[in-house]
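**Q** Supplied in structure tokens, the structure appears directly below.
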Amino acid sequence: MRKKISINVPCYNEEDNVKPMAEALTQIMQSLDYDYEILFRDNCSTDNSKQRLRELAAADKHIKVLMLNRNYGSGGRGRRMRFGYCTGDVIVHIACDFQEPPELLPEFIKYWEQGYKVVAGQKTGSKEGKIKYFLRHVYYKIMDAFSDVPQYEHMSGIILYDREVLDEILKIDEDIILRNALADMGYEIKLIQYVQEKRRSGKSSYNVWRYLNFALNSLVNTSTAPLRLMTVAGFCMSVISFLLGVFYFIMKLTLWYRFPAGMAPVLIGMLFLGSVQLLFMGVLGEYIGAILRKVSRQPDVIVSEKLNLGEDGTDSKQNGV
């Protein structure tokens, strides 16, 4: 019996990309000696993506489609749903924008056959812009410095998971960023280096706020170092403030008329301490927000339409779906 490859392709407003991506993946998989399925997960697109996906699914039973009730984002909330319908011995996750070349799939599968449970792309450069790539580089350095376990730098959106790894992924908390969880699991990861391409068409749904939200969630869920840093900084500032107070008091007693007692030092000190307190409250708020997300039971991801999957889901394993 041939091994089966499941390819998971999330998409949002990718009407000009879904068909070329389906054709590229189909051509690659037909050249390999594997059974396969291509699962498109549409995050409630507002363009013509849904109709294009319906046409693709009608023409090829290897192409399966999940259409979500709304855009739930790319976070872990829908992790059990997005992977639960994959039935392959190995699952490949790849974005629909062609920034990660699908031509890498045969190399990924080759290393999986050699025994690697996880194979991931690693960007050595990007054609999307030097500034954005530099900011990502800074983000990874900060994450690696604060994280309790070493992190993989520039791990991209194309990743292969063995079924064993996927079963473990479905057990972890959905608030944990997947690439951070992989570092914590301890599996040996084979990294395939490449230069990231520009989007073939369309516009990314990610903006500065969403990138910042992703970065903060990654930091909060992988490390308690910011909390420890706040404790150390608070102690150091208390010592410094006490010594400055003693110094100011002695100078005033010994040089009563020559040492001016203006309001500027007081105001500057108040503003400085106030800004530090607000920063610390913000850090605490991030951790409290993470706790709130864990204890609050959010609605499950709702699938509005399934194509080539069956209404009862009998053709999928549906791990936890």
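Residue numbering restarts at 1 in every chain; chains get A, B, ... in the order shown in the structure tokens, and ligands count up from 1 in that same order.
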Sort by chain and increasing residue number a table of all residues of stretch 96-198 of chain A within 12 Å of stretch 217-239 of chain A, each with its closest pair of atoms and their distance in Å to one decimal, counting only C-alpha atoms, and write it as a Markdown table.
**A**
```
| residue | atom | partner | partner_atom | distance |
| --- | --- | --- | --- | --- |
| A:Tyr139 | CA | A:Leu219 | CA | 9.6 |
| A:Tyr140 | CA | A:Leu219 | CA | 10.1 |
| A:Lys141 | CA | A:Leu219 | CA | 11.4 |
| A:Ile142 | CA | A:Leu219 | CA | 8.6 |
| A:Met143 | CA | A:Leu219 | CA | 6.3 |
| A:Asp144 | CA | A:Leu219 | CA | 9.5 |
| A:Ala145 | CA | A:Ala225 | CA | 9.2 |
| A:Phe146 | CA | A:Ala225 | CA | 5.8 |
| A:Ser147 | CA | A:Ser223 | CA | 4.9 |
| A:Asp148 | CA | A:Ser223 | CA | 5.7 |
| A:Val149 | CA | A:Thr222 | CA | 8.1 |
| A:Pro150 | CA | A:Thr222 | CA | 10.3 |
| A:Gln151 | CA | A:Thr222 | CA | 9.7 |
| A:Asp173 | CA | A:Asn221 | CA | 10.0 |
| A:Glu174 | CA | A:Asn221 | CA | 10.7 |
| A:Asp175 | CA | A:Asn221 | CA | 7.6 |
| A:Ile176 | CA | A:Asn221 | CA | 6.0 |
| A:Ile177 | CA | A:Ser218 | CA | 6.1 |
| A:Leu178 | CA | A:Ser218 | CA | 9.4 |
| A:Arg179 | CA | A:Ser218 | CA | 9.3 |
| A:Asn180 | CA | A:Thr222 | CA | 7.0 |
| A:Ala181 | CA | A:Thr222 | CA | 8.4 |
| A:Leu182 | CA | A:Thr222 | CA | 11.3 |
| A:Ala183 | CA | A:Thr222 | CA | 10.0 |
| A:Asp184 | CA | A:Thr222 | CA | 8.8 |
```
**Q** Determine which residues of stretch 102-316 of chain A receive a DSSP assignment of strand (DSSP E), computed from the backbone, and state them as an mmCIF file with N, CA and C atoms, in the first residue's frame.
**A**
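result_2.cif was written with the following content:
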```cif
data_model
loop_
_atom_site.group_PDB
_atom_site.id
_atom_site.type_symbol
_atom_site.label_atom_id
_atom_site.label_comp_id
_atom_site.auth_asym_id
_atom_site.auth_seq_id
_atom_site.Cartn_x
_atom_site.Cartn_y
_atom_site.Cartn_z
ATOM 1 N N VAL A 118 10.338 15.875 11.325
ATOM 2 C CA VAL A 118 9.950 17.240 10.971
ATOM 3 C C VAL A 118 10.968 17.787 9.982
ATOM 4 N N VAL A 119 10.476 18.333 8.884
ATOM 5 C CA VAL A 119 11.330 19.007 7.897
ATOM 6 C C VAL A 119 10.726 20.391 7.675
ATOM 7 N N ALA A 120 11.530 21.422 7.811
ATOM 8 C CA ALA A 120 10.998 22.786 7.728
ATOM 9 C C ALA A 120 11.863 23.652 6.828
ATOM 10 N N GLY A 121 11.231 24.623 6.199
ATOM 11 C CA GLY A 121 11.962 25.602 5.417
ATOM 12 C C GLY A 121 12.568 26.661 6.320
ATOM 13 N N GLN A 122 13.726 27.143 5.933
ATOM 14 C CA GLN A 122 14.402 28.203 6.683
ATOM 15 C C GLN A 122 14.863 29.277 5.704
ATOM 16 N N LYS A 123 14.357 30.479 5.902
ATOM 17 C CA LYS A 123 14.686 31.566 4.979
ATOM 18 C C LYS A 123 16.093 32.095 5.228
ATOM 19 N N THR A 124 16.887 32.156 4.180
ATOM 20 C CA THR A 124 18.199 32.789 4.259
ATOM 21 C C THR A 124 18.165 34.208 3.709
ATOM 22 N N GLY A 125 17.051 34.580 3.154
ATOM 23 C CA GLY A 125 16.848 35.914 2.602
ATOM 24 C C GLY A 125 15.415 36.009 2.129
ATOM 25 N N SER A 126 15.003 37.220 1.780
ATOM 26 C CA SER A 126 13.630 37.415 1.353
ATOM 27 C C SER A 126 13.561 38.543 0.329
ATOM 28 N N MET A 155 12.298 30.114 10.631
ATOM 29 C CA MET A 155 11.523 28.961 10.187
ATOM 30 C C MET A 155 10.301 29.477 9.446
ATOM 31 N N SER A 156 10.065 28.961 8.253
ATOM 32 C CA SER A 156 9.077 29.560 7.355
ATOM 33 C C SER A 156 7.741 28.844 7.419
ATOM 34 N N GLY A 157 6.864 29.206 6.476
ATOM 35 C CA GLY A 157 5.513 28.668 6.448
ATOM 36 C C GLY A 157 5.369 27.353 5.727
ATOM 37 N N ILE A 158 6.466 26.729 5.309
ATOM 38 C CA ILE A 158 6.393 25.411 4.695
ATOM 39 C C ILE A 158 7.072 24.415 5.639
ATOM 40 N N ILE A 159 6.275 23.496 6.188
ATOM 41 C CA ILE A 159 6.761 22.545 7.187
ATOM 42 C C ILE A 159 6.129 21.180 6.924
ATOM 43 N N LEU A 160 6.916 20.139 7.093
ATOM 44 C CA LEU A 160 6.433 18.762 6.977
ATOM 45 C C LEU A 160 6.413 18.130 8.355
ATOM 46 N N TYR A 161 5.288 17.472 8.693
ATOM 47 C CA TYR A 161 5.144 16.775 9.966
ATOM 48 C C TYR A 161 4.853 15.301 9.713
ATOM 49 N N ASP A 162 5.574 14.436 10.408
ATOM 50 C CA ASP A 162 5.200 13.037 10.423
ATOM 51 C C ASP A 162 3.915 12.877 11.245
ATOM 52 N N ILE A 189 14.955 18.402 13.768
ATOM 53 C CA ILE A 189 14.320 19.068 12.636
ATOM 54 C C ILE A 189 15.348 19.290 11.528
ATOM 55 N N LYS A 190 15.004 18.843 10.341
ATOM 56 C CA LYS A 190 15.844 19.094 9.174
ATOM 57 C C LYS A 190 15.419 20.411 8.547
ATOM 58 N N LEU A 191 16.340 21.355 8.431
ATOM 59 C CA LEU A 191 16.046 22.662 7.878
ATOM 60 C C LEU A 191 16.516 22.742 6.428
ATOM 61 N N ILE A 192 15.603 23.134 5.553
ATOM 62 C CA ILE A 192 15.904 23.314 4.132
ATOM 63 C C ILE A 192 15.962 24.813 3.858
ATOM 64 N N GLN A 193 17.124 25.300 3.477
ATOM 65 C CA GLN A 193 17.309 26.732 3.291
ATOM 66 C C GLN A 193 16.917 27.166 1.879
ATOM 67 N N TYR A 194 16.341 28.355 1.816
ATOM 68 C CA TYR A 194 15.926 28.925 0.530
ATOM 69 C C TYR A 194 15.710 30.417 0.701
ATOM 70 N N VAL A 195 15.565 31.126 -0.392
ATOM 71 C CA VAL A 195 15.268 32.560 -0.389
ATOM 72 C C VAL A 195 13.778 32.735 -0.647
ATOM 73 N N GLN A 196 13.117 33.439 0.240
ATOM 74 C CA GLN A 196 11.672 33.624 0.114
ATOM 75 C C GLN A 196 11.338 34.549 -1.056
ATOM 76 N N VAL A 303 -17.124 25.028 10.410
ATOM 77 C CA VAL A 303 -16.932 24.815 8.981
ATOM 78 C C VAL A 303 -18.279 24.980 8.290
ATOM 79 N N SER A 304 -18.352 25.920 7.367
ATOM 80 C CA SER A 304 -19.616 26.186 6.688
ATOM 81 C C SER A 304 -19.834 25.284 5.477
ATOM 82 N N GLU A 305 -18.729 24.791 4.883
ATOM 83 C CA GLU A 305 -18.865 23.958 3.685
ATOM 84 C C GLU A 305 -17.668 23.033 3.564
ATOM 85 N N LYS A 306 -17.936 21.767 3.225
ATOM 86 C CA LYS A 306 -16.885 20.770 3.004
ATOM 87 C C LYS A 306 -17.047 20.180 1.613
ATOM 88 N N LEU A 307 -15.948 20.094 0.883
ATOM 89 C CA LEU A 307 -15.967 19.550 -0.470
ATOM 90 C C LEU A 307 -15.022 18.356 -0.554
#
```
**Q** Given the choices A:Gly129, A:Ile172, A:Asn17, A:Ile5, which gets closest to A:Leu105 if the distance is worked out from only C-alpha atoms?
**A**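 Result for the nearest residue to A:Leu105: A:Ile5.
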**Q** Determine which residues of stretch 175-311 of chain A DSSP labels as helix (DSSP H, G or I) from the backbone of this structure, then write them out as a ChimeraX atom specification.
**A** /A:178-185,208-222,225-254,264-295
**Q** Take the selection from the previous step and output its residues with C-alpha atoms, as a short mmCIF file (atom, residue, chain, number, x, y, z; two decimals), in the first residue's frame.
**A**
```cif
data_model
loop_
_atom_site.label_atom_id
_atom_site.label_comp_id
_atom_site.auth_asym_id
_atom_site.auth_seq_id
_atom_site.Cartn_x
_atom_site.Cartn_y
_atom_site.Cartn_z
CA LEU A 178 3.35 25.93 16.54
CA ARG A 179 6.97 26.65 15.61
CA ASN A 180 7.72 27.44 19.28
CA ALA A 181 6.09 24.15 20.31
CA LEU A 182 8.26 22.22 17.84
CA ALA A 183 11.40 23.62 19.48
CA ASP A 184 10.10 22.54 22.88
CA MET A 185 9.20 19.01 21.74
CA VAL A 208 2.02 45.74 11.71
CA TRP A 209 -0.51 45.08 14.48
CA ARG A 210 -0.90 41.39 13.60
CA TYR A 211 2.87 40.92 13.42
CA LEU A 212 3.22 42.61 16.83
CA ASN A 213 0.46 40.44 18.26
CA PHE A 214 2.18 37.31 16.92
CA ALA A 215 5.53 38.37 18.40
CA LEU A 216 4.08 39.14 21.84
CA ASN A 217 2.12 35.89 21.96
CA SER A 218 5.26 33.96 21.03
CA LEU A 219 7.26 35.63 23.79
CA VAL A 220 4.60 35.28 26.49
CA ASN A 221 3.90 31.62 25.74
CA THR A 222 7.52 30.49 25.57
CA ALA A 225 11.91 35.81 31.51
CA PRO A 226 10.11 39.18 31.11
CA LEU A 227 8.50 38.67 34.53
CA ARG A 228 11.87 37.91 36.08
CA LEU A 229 13.36 40.90 34.29
CA MET A 230 10.66 43.10 35.80
CA THR A 231 11.54 41.85 39.30
CA VAL A 232 15.25 42.47 38.80
CA ALA A 233 14.67 45.88 37.21
CA GLY A 234 12.30 46.88 40.02
CA PHE A 235 14.87 45.90 42.64
CA CYS A 236 17.69 47.75 40.86
CA MET A 237 15.57 50.88 40.43
CA SER A 238 14.61 50.78 44.12
CA VAL A 239 18.29 50.63 45.13
CA ILE A 240 19.24 53.41 42.71
CA SER A 241 16.36 55.60 43.90
CA PHE A 242 17.34 55.06 47.54
CA LEU A 243 21.00 55.94 46.88
CA LEU A 244 19.99 59.04 44.89
CA GLY A 245 17.73 60.08 47.73
CA VAL A 246 20.52 59.70 50.27
CA PHE A 247 22.93 61.58 48.00
CA TYR A 248 20.43 64.42 47.49
CA PHE A 249 19.77 64.63 51.23
CA ILE A 250 23.49 64.79 52.12
CA MET A 251 24.21 67.39 49.44
CA LYS A 252 21.36 69.54 50.65
CA LEU A 253 22.55 69.38 54.28
CA THR A 254 26.18 70.14 53.48
CA ALA A 264 12.68 69.42 37.72
CA PRO A 265 14.38 66.39 39.33
CA VAL A 266 11.12 65.46 41.05
CA LEU A 267 9.06 65.72 37.86
CA ILE A 268 11.62 63.84 35.79
CA GLY A 269 11.76 61.09 38.41
CA MET A 270 7.96 60.85 38.56
CA LEU A 271 7.63 60.65 34.78
CA PHE A 272 10.36 58.03 34.55
CA LEU A 273 8.89 55.84 37.26
CA GLY A 274 5.40 56.29 35.82
CA SER A 275 6.49 55.17 32.36
CA VAL A 276 8.31 52.15 33.81
CA GLN A 277 5.23 51.20 35.81
CA LEU A 278 3.04 51.43 32.70
CA LEU A 279 5.51 49.23 30.81
CA PHE A 280 5.50 46.65 33.59
CA MET A 281 1.71 46.74 33.76
CA GLY A 282 1.61 46.09 30.02
CA VAL A 283 3.86 43.05 30.38
CA LEU A 284 1.68 41.75 33.22
CA GLY A 285 -1.37 42.39 31.06
CA GLU A 286 0.03 40.18 28.29
CA TYR A 287 0.45 37.29 30.70
CA ILE A 288 -3.00 37.87 32.21
CA GLY A 289 -4.44 37.92 28.68
CA ALA A 290 -2.76 34.58 27.95
CA ILE A 291 -4.31 33.15 31.13
CA LEU A 292 -7.72 34.51 30.13
CA ARG A 293 -7.52 32.85 26.72
CA LYS A 294 -6.68 29.54 28.37
CA VAL A 295 -9.52 29.60 30.93
#
```
**Q** Write out as a PyMOL selection string the residues lying within 8 Å of A:Ser49, counting only C-alpha atoms and excluding same-chain residues fewer than 5 positions away.
**A** chain A and resi 12-16+18+42
**Q** Choose the residue, out of A:Val90, A:Leu68, A:Ala95, A:Ile131, that has the smallest atom-to-atom separation from A:Tyr111; count only C-alpha atoms.
**A**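 Distance minimum relative to A:Tyr111 lands on A:Val90.
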**Q** I'd like the contact shell of A:Ser6 - 12 Å cut-off, only C-alpha atoms, skipping same-chain residues fewer than 3 positions apart - returned as a PyMOL selection string.
**A** chain A and resi 3+9+25-26+29+34-40+62-64+82-94+105+109+159-163+166+316
**Q** Choose the residue, out of A:Glu164, A:Glu55, A:Glu188, A:Asn48, that has the smallest atom-to-atom separation from A:Tyr116; count only C-alpha atoms.
**A**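 Once distances to A:Tyr116 are computed over only C-alpha atoms, the minimum belongs to A:Glu188.
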**Q** Using only C-alpha atoms, which residue out of A:His137, A:Lys117, A:Arg200, A:Arg41 lies closest to A:Tyr187?
**A**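 Among the listed residues, the smallest separation from A:Tyr187 belongs to A:Lys117.
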**Q** Please report the interatomic distance between atom CA of A:Gln51 and atom CA of A:Pro102 in Å with one decimal.
**A**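 Value for the atom CA of A:Gln51-atom CA of A:Pro102 distance: 22.9 Å.
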**Q** Nearest to A:Pro101: which of A:Lys4, A:Ser45, A:Leu135, A:Glu197 is it, counting only C-alpha atoms?
**A** A:Glu197
**Q** Hey, can you check how far atom CA of A:Arg199 sits from atom CA of A:Arg136?
**A**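 About the pair atom CA of A:Arg199 and atom CA of A:Arg136: they are 17.3 Å apart.
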**Q** Tell me, in Å to one decimal, how far atom CA of A:Gly186 is from atom CA of A:Tyr133.
**A**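 Interatomic distance here is 26.6 Å.
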**Q** Could you tell me which of A:Val138, A:Val65, A:Leu309, A:Cys96 comes closest to A:Pro10 if we count only C-alpha atoms?
**A**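 Of A:Val138, A:Val65, A:Leu309, A:Cys96, the one nearest A:Pro10 is A:Cys96, counting only C-alpha atoms.
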